[in-house]
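Q: What follows is input_11.pdb; its format and atoms are PDB, C-alpha atoms.
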ATOM      1  CA  MET J 260      23.173  10.126   0.431
ATOM      2  CA  ASN J 261      21.023  13.050  -0.658
ATOM      3  CA  ASP J 262      21.335  16.396   1.095
ATOM      4  CA  VAL J 263      18.171  16.416   3.222
ATOM      5  CA  SER J 264      18.468  20.173   3.767
ATOM      6  CA  ALA J 265      17.522  20.579   0.099
ATOM      7  CA  PHE J 266      14.020  19.173   0.754
ATOM      8  CA  PRO J 267      11.091  21.236   2.082
ATOM      9  CA  LEU J 268       9.873  20.846   5.677
ATOM     10  CA  GLU J 269       6.423  20.205   4.241
ATOM     11  CA  ILE J 270       4.825  20.132   0.812
ATOM     12  CA  SER J 271       2.430  22.984   0.241
ATOM     13  CA  GLY J 272       0.368  23.814  -2.806
ATOM     14  CA  SER J 273      -3.184  23.214  -3.878
ATOM     15  CA  PRO J 274      -3.635  20.359  -3.639
ATOM     16  CA  ALA J 275      -0.507  18.736  -2.233
ATOM     17  CA  PRO J 276       0.043  15.069  -3.176
ATOM     18  CA  MET J 277      -1.181  12.571  -0.605
ATOM     19  CA  VAL J 278       2.055  10.595  -1.087
ATOM     20  CA  SER J 279       5.305  11.970  -2.416
ATOM     21  CA  PHE J 280       8.663  10.241  -2.936
ATOM     22  CA  ARG J 281      11.416  12.803  -3.465
ATOM     23  CA  LYS J 282      14.704  11.348  -4.749
ATOM     24  CA  VAL J 283      14.228   8.266  -2.577
ATOM     25  CA  THR J 284      17.072   5.764  -2.625
ATOM     26  CA  LYS J 285      17.257   2.345  -1.023
ATOM     27  CA  SER J 286      20.234   0.054  -1.298
ATOM     28  CA  TYR J 287      21.519  -3.138   0.269
ATOM     29  CA  GLY J 288      25.292  -2.918   0.104
ATOM     30  CA  ALA J 289      26.238  -2.501  -3.543
ATOM     31  CA  LEU J 290      22.713  -3.353  -4.728
ATOM     32  CA  THR J 291      20.532  -0.300  -5.396
ATOM     33  CA  VAL J 292      16.857  -1.278  -5.184
ATOM     34  CA  LEU J 293      15.336   2.208  -5.508
ATOM     35  CA  ASP J 294      17.329   4.751  -7.468
ATOM     36  CA  GLU J 295      16.381   8.369  -6.627
ATOM     37  CA  LEU J 296      12.679   7.612  -7.073
ATOM     38  CA  ASP J 297      10.337  10.547  -7.704
ATOM     39  CA  LEU J 298       6.644   9.652  -7.427
ATOM     40  CA  ASP J 299       3.584  11.714  -6.476
ATOM     41  CA  ILE J 300       0.185  10.170  -5.773
ATOM     42  CA  ALA J 301      -2.839  12.449  -5.539
ATOM     43  CA  ALA J 302      -5.490  12.163  -2.847
ATOM     44  CA  GLY J 303      -8.075   9.589  -3.913
ATOM     45  CA  GLU J 304      -5.893   8.215  -6.710
ATOM     46  CA  MET J 305      -5.503   4.473  -7.315
ATOM     47  CA  VAL J 306      -2.020   3.649  -8.608
ATOM     48  CA  SER J 307      -0.823   0.176  -9.560
ATOM     49  CA  ILE J 308       2.841  -0.769  -9.715
ATOM     50  CA  ILE J 309       3.893  -3.502 -12.124
ATOM     51  CA  GLY J 310       7.271  -4.789 -13.241
ATOM     52  CA  PRO J 311       9.648  -7.760 -13.139
ATOM     53  CA  SER J 312      10.886  -9.325  -9.915
ATOM     54  CA  GLY J 313      13.638  -7.264  -8.314
ATOM     55  CA  SER J 314      12.507  -3.997  -9.897
ATOM     56  CA  GLY J 315      11.765  -2.333  -6.538
ATOM     57  CA  LYS J 316       7.965  -2.655  -6.490
ATOM     58  CA  THR J 317       7.448  -4.086  -3.003
ATOM     59  CA  THR J 318      10.282  -1.945  -1.643
ATOM     60  CA  VAL J 319       8.158   1.125  -2.406
ATOM     61  CA  LEU J 320       5.446  -0.209  -0.094
ATOM     62  CA  ARG J 321       7.895  -1.273   2.598
ATOM     63  CA  MET J 322       9.399   2.212   2.635
ATOM     64  CA  LEU J 323       5.946   3.752   3.008
ATOM     65  CA  MET J 324       5.148   1.413   5.892
ATOM     66  CA  THR J 325       8.498   2.374   7.477
ATOM     67  CA  LEU J 326       9.375  -1.319   7.668
ATOM     68  CA  GLU J 327      12.821  -0.373   6.387
ATOM     69  CA  GLN J 328      14.827   2.844   6.382
ATOM     70  CA  ILE J 329      15.552   4.718   3.198
ATOM     71  CA  ASN J 330      19.152   5.629   2.360
ATOM     72  CA  GLY J 331      18.423   8.947   0.697
ATOM     73  CA  GLY J 332      15.670  11.393  -0.144
ATOM     74  CA  VAL J 333      12.441  12.047   1.749
ATOM     75  CA  ILE J 334       8.950  10.493   1.725
ATOM     76  CA  TYR J 335       5.973  12.735   2.509
ATOM     77  CA  VAL J 336       2.423  11.706   3.417
ATOM     78  CA  ASP J 337      -0.346  14.311   3.296
ATOM     79  CA  GLY J 338       2.211  17.060   2.879
ATOM     80  CA  GLN J 339       4.189  16.143   6.011
ATOM     81  CA  PRO J 340       7.511  14.268   6.097
ATOM     82  CA  LEU J 341       7.201  10.593   7.011
ATOM     83  CA  THR J 342      10.801   9.424   7.021
ATOM     84  CA  HIS J 343      12.086  12.655   8.565
ATOM     85  CA  MET J 344      10.857  15.293  10.974
ATOM     86  CA  PRO J 345      11.401  19.038  11.339
ATOM     87  CA  LYS J 346      13.856  20.143  14.004
ATOM     88  CA  ASN J 347      15.275  23.655  14.385
ATOM     89  CA  GLY J 348      14.110  24.558  10.898
ATOM     90  CA  MET J 349      15.750  21.503   9.310
ATOM     91  CA  LEU J 350      14.774  17.950   8.420
ATOM     92  CA  VAL J 351      16.366  15.219  10.520
ATOM     93  CA  PRO J 352      15.798  11.430  10.475
ATOM     94  CA  ALA J 353      12.494  10.560  12.121
ATOM     95  CA  SER J 354      12.358   9.281  15.679
ATOM     96  CA  GLN J 355      10.413   6.121  16.511
ATOM     97  CA  LYS J 356       7.731   8.294  18.131
ATOM     98  CA  HIS J 357       7.336  10.311  14.920
ATOM     99  CA  LEU J 358       7.212   7.141  12.821
ATOM    100  CA  ARG J 359       4.531   5.567  15.017
ATOM    101  CA  LYS J 360       2.387   8.690  14.797
ATOM    102  CA  ARG J 361       2.675   9.082  11.017
ATOM    103  CA  ARG J 362       2.323   5.351  10.328
ATOM    104  CA  ALA J 363      -1.251   5.561  11.647
ATOM    105  CA  ASP J 364      -2.139   7.283   8.346
ATOM    106  CA  ILE J 365      -1.153   4.181   6.358
ATOM    107  CA  GLY J 366      -2.828   0.787   6.129
ATOM    108  CA  MET J 367      -1.287  -2.239   4.436
ATOM    109  CA  CYS J 368      -2.554  -5.628   3.321
ATOM    110  CA  PHE J 369       0.162  -8.195   2.864
ATOM    111  CA  GLN J 370       0.433 -11.191   0.572
ATOM    112  CA  HIS J 371       0.135 -13.643   3.472
ATOM    113  CA  PHE J 372      -2.643 -11.959   5.512
ATOM    114  CA  ASN J 373      -0.687 -11.740   8.829
ATOM    115  CA  LEU J 374      -3.825 -12.079  10.948
ATOM    116  CA  PHE J 375      -3.425 -12.772  14.665
ATOM    117  CA  PRO J 376      -4.112 -16.547  14.864
ATOM    118  CA  HIS J 377      -5.386 -16.475  18.471
ATOM    119  CA  MET J 378      -8.033 -13.825  17.722
ATOM    120  CA  THR J 379     -11.359 -14.075  15.921
ATOM    121  CA  ALA J 380     -12.010 -12.044  12.773
ATOM    122  CA  LEU J 381     -13.802  -9.416  14.854
ATOM    123  CA  GLU J 382     -11.052  -9.289  17.484
ATOM    124  CA  ASN J 383      -8.431  -8.908  14.742
ATOM    125  CA  CYS J 384     -10.257  -5.815  13.487
ATOM    126  CA  MET J 385     -10.849  -4.352  16.968
ATOM    127  CA  GLU J 386      -7.287  -4.703  18.267
ATOM    128  CA  GLY J 387      -5.704  -1.726  16.479
ATOM    129  CA  PRO J 388      -8.495   0.803  17.111
ATOM    130  CA  VAL J 389      -8.526  -0.080  20.830
ATOM    131  CA  GLN J 390      -4.782  -0.376  21.461
ATOM    132  CA  VAL J 391      -3.467   2.293  19.083
ATOM    133  CA  LEU J 392      -6.318   4.749  18.494
ATOM    134  CA  GLY J 393      -7.746   4.515  22.013
ATOM    135  CA  LEU J 394     -11.303   3.704  20.943
ATOM    136  CA  SER J 395     -13.621   2.098  23.454
ATOM    137  CA  LYS J 396     -14.401  -1.547  22.824
ATOM    138  CA  THR J 397     -17.975  -0.572  21.949
ATOM    139  CA  GLU J 398     -16.799   1.939  19.317
ATOM    140  CA  ALA J 399     -14.212  -0.475  17.958
ATOM    141  CA  ARG J 400     -16.782  -3.274  17.738
ATOM    142  CA  GLU J 401     -19.268  -1.086  15.839
ATOM    143  CA  ARG J 402     -16.594   0.083  13.403
ATOM    144  CA  SER J 403     -15.216  -3.433  12.909
ATOM    145  CA  GLU J 404     -18.630  -5.020  12.352
ATOM    146  CA  GLU J 405     -19.473  -2.339   9.791
ATOM    147  CA  LEU J 406     -16.262  -3.094   7.889
ATOM    148  CA  LEU J 407     -16.668  -6.867   8.110
ATOM    149  CA  GLU J 408     -20.148  -6.354   6.670
ATOM    150  CA  MET J 409     -18.643  -4.316   3.838
ATOM    151  CA  VAL J 410     -16.159  -7.058   2.900
ATOM    152  CA  GLY J 411     -18.803  -9.786   3.203
ATOM    153  CA  MET J 412     -17.381 -11.370   6.341
ATOM    154  CA  ILE J 413     -19.827 -10.418   9.078
ATOM    155  CA  GLY J 414     -21.154 -13.982   9.156
ATOM    156  CA  LYS J 415     -17.640 -15.216  10.045
ATOM    157  CA  LYS J 416     -16.841 -12.574  12.672
ATOM    158  CA  ASP J 417     -16.466 -15.130  15.493
ATOM    159  CA  GLN J 418     -14.235 -17.515  13.523
ATOM    160  CA  HIS J 419     -10.465 -17.755  14.038
ATOM    161  CA  PRO J 420      -8.214 -17.441  10.953
ATOM    162  CA  SER J 421      -7.537 -21.200  10.901
ATOM    163  CA  ARG J 422     -11.229 -21.757  10.171
ATOM    164  CA  LEU J 423     -11.255 -19.326   7.229
ATOM    165  CA  SER J 424     -10.227 -19.827   3.601
ATOM    166  CA  GLY J 425      -7.411 -17.777   2.116
ATOM    167  CA  GLY J 426      -9.830 -15.424   0.392
ATOM    168  CA  GLN J 427     -11.796 -14.970   3.606
ATOM    169  CA  GLN J 428      -8.628 -14.262   5.599
ATOM    170  CA  GLN J 429      -7.542 -11.653   3.065
ATOM    171  CA  ARG J 430     -10.931  -9.924   3.247
ATOM    172  CA  VAL J 431     -10.648  -9.810   7.048
ATOM    173  CA  ALA J 432      -7.135  -8.374   6.651
ATOM    174  CA  ILE J 433      -8.538  -5.597   4.452
ATOM    175  CA  ALA J 434     -11.229  -4.828   7.040
ATOM    176  CA  ARG J 435      -8.603  -4.797   9.795
ATOM    177  CA  ALA J 436      -6.467  -2.286   7.894
ATOM    178  CA  LEU J 437      -9.490  -0.080   7.166
ATOM    179  CA  ALA J 438     -10.502  -0.113  10.848
ATOM    180  CA  MET J 439      -7.556   2.203  11.519
ATOM    181  CA  ARG J 440      -9.104   4.833   9.189
ATOM    182  CA  PRO J 441      -5.940   5.221   7.091
ATOM    183  CA  LYS J 442      -5.467   7.993   4.553
ATOM    184  CA  VAL J 443      -3.466   5.642   2.322
ATOM    185  CA  MET J 444      -4.029   1.928   1.663
ATOM    186  CA  LEU J 445      -1.264  -0.311   0.360
ATOM    187  CA  PHE J 446      -1.835  -3.712  -1.258
ATOM    188  CA  ASP J 447       1.153  -6.011  -1.754
ATOM    189  CA  GLU J 448       0.286  -8.854  -4.128
ATOM    190  CA  VAL J 449      -2.840  -9.522  -2.071
ATOM    191  CA  THR J 450      -4.142 -12.194  -4.469
ATOM    192  CA  SER J 451      -0.922 -14.084  -5.250
ATOM    193  CA  ALA J 452      -1.238 -16.516  -2.310
ATOM    194  CA  LEU J 453      -4.865 -17.336  -3.145
ATOM    195  CA  ASP J 454      -6.401 -20.153  -5.138
ATOM    196  CA  PRO J 455      -7.674 -18.921  -8.519
ATOM    197  CA  GLU J 456     -11.323 -19.542  -7.644
ATOM    198  CA  VAL J 457     -11.239 -17.146  -4.637
ATOM    199  CA  ILE J 458      -9.227 -14.318  -6.185
ATOM    200  CA  GLY J 459     -12.472 -12.696  -7.293
ATOM    201  CA  GLU J 460     -13.608 -12.396  -3.656
ATOM    202  CA  VAL J 461     -10.703 -10.094  -2.863
ATOM    203  CA  THR J 462     -10.575  -8.167  -6.131
ATOM    204  CA  ASN J 463     -14.281  -7.374  -5.766
ATOM    205  CA  VAL J 464     -13.656  -5.872  -2.322
ATOM    206  CA  ILE J 465     -10.872  -3.692  -3.716
ATOM    207  CA  ARG J 466     -13.110  -2.624  -6.609
ATOM    208  CA  LYS J 467     -15.724  -1.586  -4.053
ATOM    209  CA  LEU J 468     -13.146   0.450  -2.146
ATOM    210  CA  VAL J 469     -12.134   2.228  -5.331
ATOM    211  CA  SER J 470     -15.693   3.020  -6.397
ATOM    212  CA  GLU J 471     -17.238   3.920  -3.038
ATOM    213  CA  HIS J 472     -14.454   5.279  -0.825
ATOM    214  CA  ASN J 473     -12.180   8.219  -1.491
ATOM    215  CA  LEU J 474      -9.060   6.383  -0.361
ATOM    216  CA  THR J 475      -5.611   6.900  -1.813
ATOM    217  CA  MET J 476      -4.401   3.448  -2.841
ATOM    218  CA  LEU J 477      -1.136   1.984  -4.043
ATOM    219  CA  MET J 478      -1.125  -1.620  -5.265
ATOM    220  CA  VAL J 479       1.678  -3.933  -6.343
ATOM    221  CA  THR J 480       0.245  -6.665  -8.544
ATOM    222  CA  HIS J 481       1.033  -9.247 -11.192
ATOM    223  CA  GLN J 482      -2.588  -9.252 -12.343
ATOM    224  CA  MET J 483      -2.398  -7.053 -15.413
ATOM    225  CA  GLY J 484      -6.113  -7.265 -16.193
ATOM    226  CA  PHE J 485      -7.019  -6.177 -12.679
ATOM    227  CA  ALA J 486      -4.519  -3.295 -12.805
ATOM    228  CA  ARG J 487      -5.966  -2.184 -16.136
ATOM    229  CA  ASP J 488      -9.553  -2.259 -14.865
ATOM    230  CA  ILE J 489      -9.110  -0.647 -11.473
ATOM    231  CA  SER J 490      -6.280   1.885 -11.702
ATOM    232  CA  ASP J 491      -6.201   5.584 -12.419
ATOM    233  CA  ARG J 492      -2.517   5.212 -13.291
ATOM    234  CA  VAL J 493      -0.098   2.338 -13.789
ATOM    235  CA  CYS J 494       3.639   2.634 -13.124
ATOM    236  CA  PHE J 495       6.030   0.162 -14.743
ATOM    237  CA  PHE J 496       9.148  -0.247 -12.617
ATOM    238  CA  TYR J 497      12.482  -1.388 -13.952
ATOM    239  CA  GLY J 498      15.843  -1.229 -12.181
ATOM    240  CA  GLY J 499      14.566   0.762  -9.214
ATOM    241  CA  LYS J 500      13.058   3.518 -11.351
ATOM    242  CA  ILE J 501       9.762   4.252 -13.057
ATOM    243  CA  GLU J 502      10.493   3.272 -16.643
ATOM    244  CA  GLU J 503       7.056   4.326 -17.887
ATOM    245  CA  GLN J 504       3.742   5.420 -16.414
ATOM    246  CA  GLY J 505       0.342   6.544 -17.599
ATOM    247  CA  PRO J 506      -3.381   5.774 -17.713
ATOM    248  CA  PRO J 507      -4.022   2.010 -17.979
ATOM    249  CA  ALA J 508      -5.459   2.160 -21.497
ATOM    250  CA  GLU J 509      -2.382   4.033 -22.695
ATOM    251  CA  LEU J 510       0.290   2.009 -20.907
ATOM    252  CA  PHE J 511      -1.214  -1.388 -21.728
ATOM    253  CA  GLY J 512      -2.554  -0.447 -25.149
ATOM    254  CA  ASN J 513       0.352   1.577 -26.507
ATOM    255  CA  PRO J 514       3.503   1.309 -24.352
ATOM    256  CA  LYS J 515       6.241   3.658 -25.513
ATOM    257  CA  LYS J 516       9.351   2.141 -23.921
ATOM    258  CA  GLU J 517      10.974  -1.031 -25.220
ATOM    259  CA  ARG J 518      11.354  -2.535 -21.732
ATOM    260  CA  THR J 519       7.639  -2.011 -21.056
ATOM    261  CA  GLN J 520       6.771  -3.653 -24.360
ATOM    262  CA  GLN J 521       9.017  -6.625 -23.593
ATOM    263  CA  PHE J 522       7.563  -7.077 -20.102
ATOM    264  CA  LEU J 523       3.936  -6.902 -21.233
ATOM    265  CA  SER J 524       4.656  -9.265 -24.104
ATOM    266  CA  ALA J 525       6.267 -11.776 -21.721
ATOM    267  CA  VAL J 526       3.330 -11.515 -19.307
ATOM    268  CA  LYS J 527       0.829 -12.199 -22.126
ATOM    269  CA  GLU J 528       2.838 -15.250 -23.215
ATOM    270  CA  ALA J 529       2.882 -16.541 -19.625
ATOM    271  CA  ILE J 530      -0.898 -16.198 -19.430
TER     272      ILE J 530
END
Give the structure from the file, written as structure tokens.
A:
Amino acid sequence: MNDVSAFPLEISGSPAPMVSFRKVTKSYGALTVLDELDLDIAAGEMVSIIGPSGSGKTTVLRMLMTLEQINGGVIYVDGQPLTHMPKNGMLVPASQKHLRKRRADIGMCFQHFNLFPHMTALENCMEGPVQVLGLSKTEARERSEELLEMVGMIGKKDQHPSRLSGGQQQRVAIARALAMRPKVMLFDEVTSALDPEVIGEVTNVIRKLVSEHNLTMLMVTHQMGFARDISDRVCFFYGGKIEEQGPPAELFGNPKKERTQQFLSAVKEAI
């Protein structure tokens, strides 16, 4: 376990990273999944995480969503600790109240959509703003309809998830996450459960987010071409650490590390 007292109560500087992992460790018994991870993501930056299964990619997102506790280190969002909170001039593990408050800054789209089956597309998008943010139903409806329009789903707003294709459900899930006005958006293999012919529906929405909205985004993906096209930076994970990172053209075009070269070569062969 890292000494939390060695970490700052907040990250200052101009500008501070929107997301910062400082010596973050996650383990399950003897298995270390994240090994003292250091990673900073700037405001408005789009970062893709690639790597073999078991390298810790999805764990990074799960830690940010506070779906699991870290075993060491500290995660900061917008300069403030997420996994911990200040108390008497020190950092202590975050309370559930602190986690709920800070989690509102983060939106996540999962591989399997996770829409509420008993609610329409519009109701799915309205639920969080009304119940968590305290918006009126009128405000939540206006915001949700605007976002469903943006993802090309306004014509399906009154349909339940069971009446929507996988690509349509994923686009609604993106709108639902955006309805909470997050500072950071996380995408966990959002196209891997989709049929090949509808993957473009979802990737086009994410491209639009990147080009038109100043969101900080972190994406785990197996789609190397998509990561190359859309990212400001790509991080190759191996063994719970960042083995290599850099601009897409550099990492894909001229990888320096042998493990990166082997992984990219294997991915090309699989394609």
Q: What does the distance from atom CA of J:Glu304 to atom CA of J:Met476 come to in Å, to one decimal?
A: 6.3 Å
Q: Need to verify the contact set: stretch 444-452 of chain J, 6 Å, only C-alpha atoms, exclusion of same-chain residues closer than 6 positions in sequence. Can you return it as a short mmCIF file (atom, residue, chain, number, x, y, z; two decimals) with C-alpha atoms, in the frame of the given file?
A:
data_model
loop_
_atom_site.label_atom_id
_atom_site.label_comp_id
_atom_site.auth_asym_id
_atom_site.auth_seq_id
_atom_site.Cartn_x
_atom_site.Cartn_y
_atom_site.Cartn_z
CA ILE J 365 -1.15 4.18 6.36
CA GLY J 366 -2.83 0.79 6.13
CA MET J 367 -1.29 -2.24 4.44
CA CYS J 368 -2.55 -5.63 3.32
CA PHE J 369 0.16 -8.20 2.86
CA GLN J 370 0.43 -11.19 0.57
CA ILE J 458 -9.23 -14.32 -6.18
CA MET J 476 -4.40 3.45 -2.84
CA LEU J 477 -1.14 1.98 -4.04
CA MET J 478 -1.12 -1.62 -5.26
CA VAL J 479 1.68 -3.93 -6.34
CA THR J 480 0.24 -6.66 -8.54
#
Q: Can you list, as a list in words, the residues that the PyMOL selection byres ((chain J and resi 261-275) around 9) selects here?
A: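 Listing what the PyMOL selection byres ((chain J and resi 261-275) around 9) selects in the shown file: Met260, Pro276, Met277, Val278, Ser279, Arg281, Lys282, Val283, Thr284, Glu295, Ala301, Ala302, Asn330, Gly331, Gly332, Val333, Tyr335, Asp337, Gly338, Gln339, Pro340, His343, Met344, Pro345, Gly348, Met349, Leu350 and Val351 of chain J.
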Q: I need the residue nearest J:Gln328 from this list: J:Lys285, J:Arg361, J:Lys316, J:Arg466. Use all atoms listed in the file for the distance.
A: J:Lys285
Q: Expand the PyMOL selection byres ((chain J and resi 386-394) around 12) into the explicit residue set it covers here, and present it as a ChimeraX atom specification.
A: /J:359-360,362-364,366,374-375,377-385,395-403,432,434-441
Q: Check the smallest atom-to-atom distance from each of J:Ile413, J:Ser307, J:Glu502, J:Met322 to J:Gly484 using only C-alpha atoms, then report the winner.
A: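 Nearest to J:Gly484: J:Ser307.
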Q: To verify the selection step, state as a list in words which residues the PyMOL selection byres ((chain J and resi 495) around 8) yields on this input.
A: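 That selection, the PyMOL selection byres ((chain J and resi 495) around 8), comes back as Ile308, Ile309, Gly310, Val493, Cys494, Phe496, Tyr497, Ile501, Glu502, Glu503, Gln504 and Thr519 of chain J.
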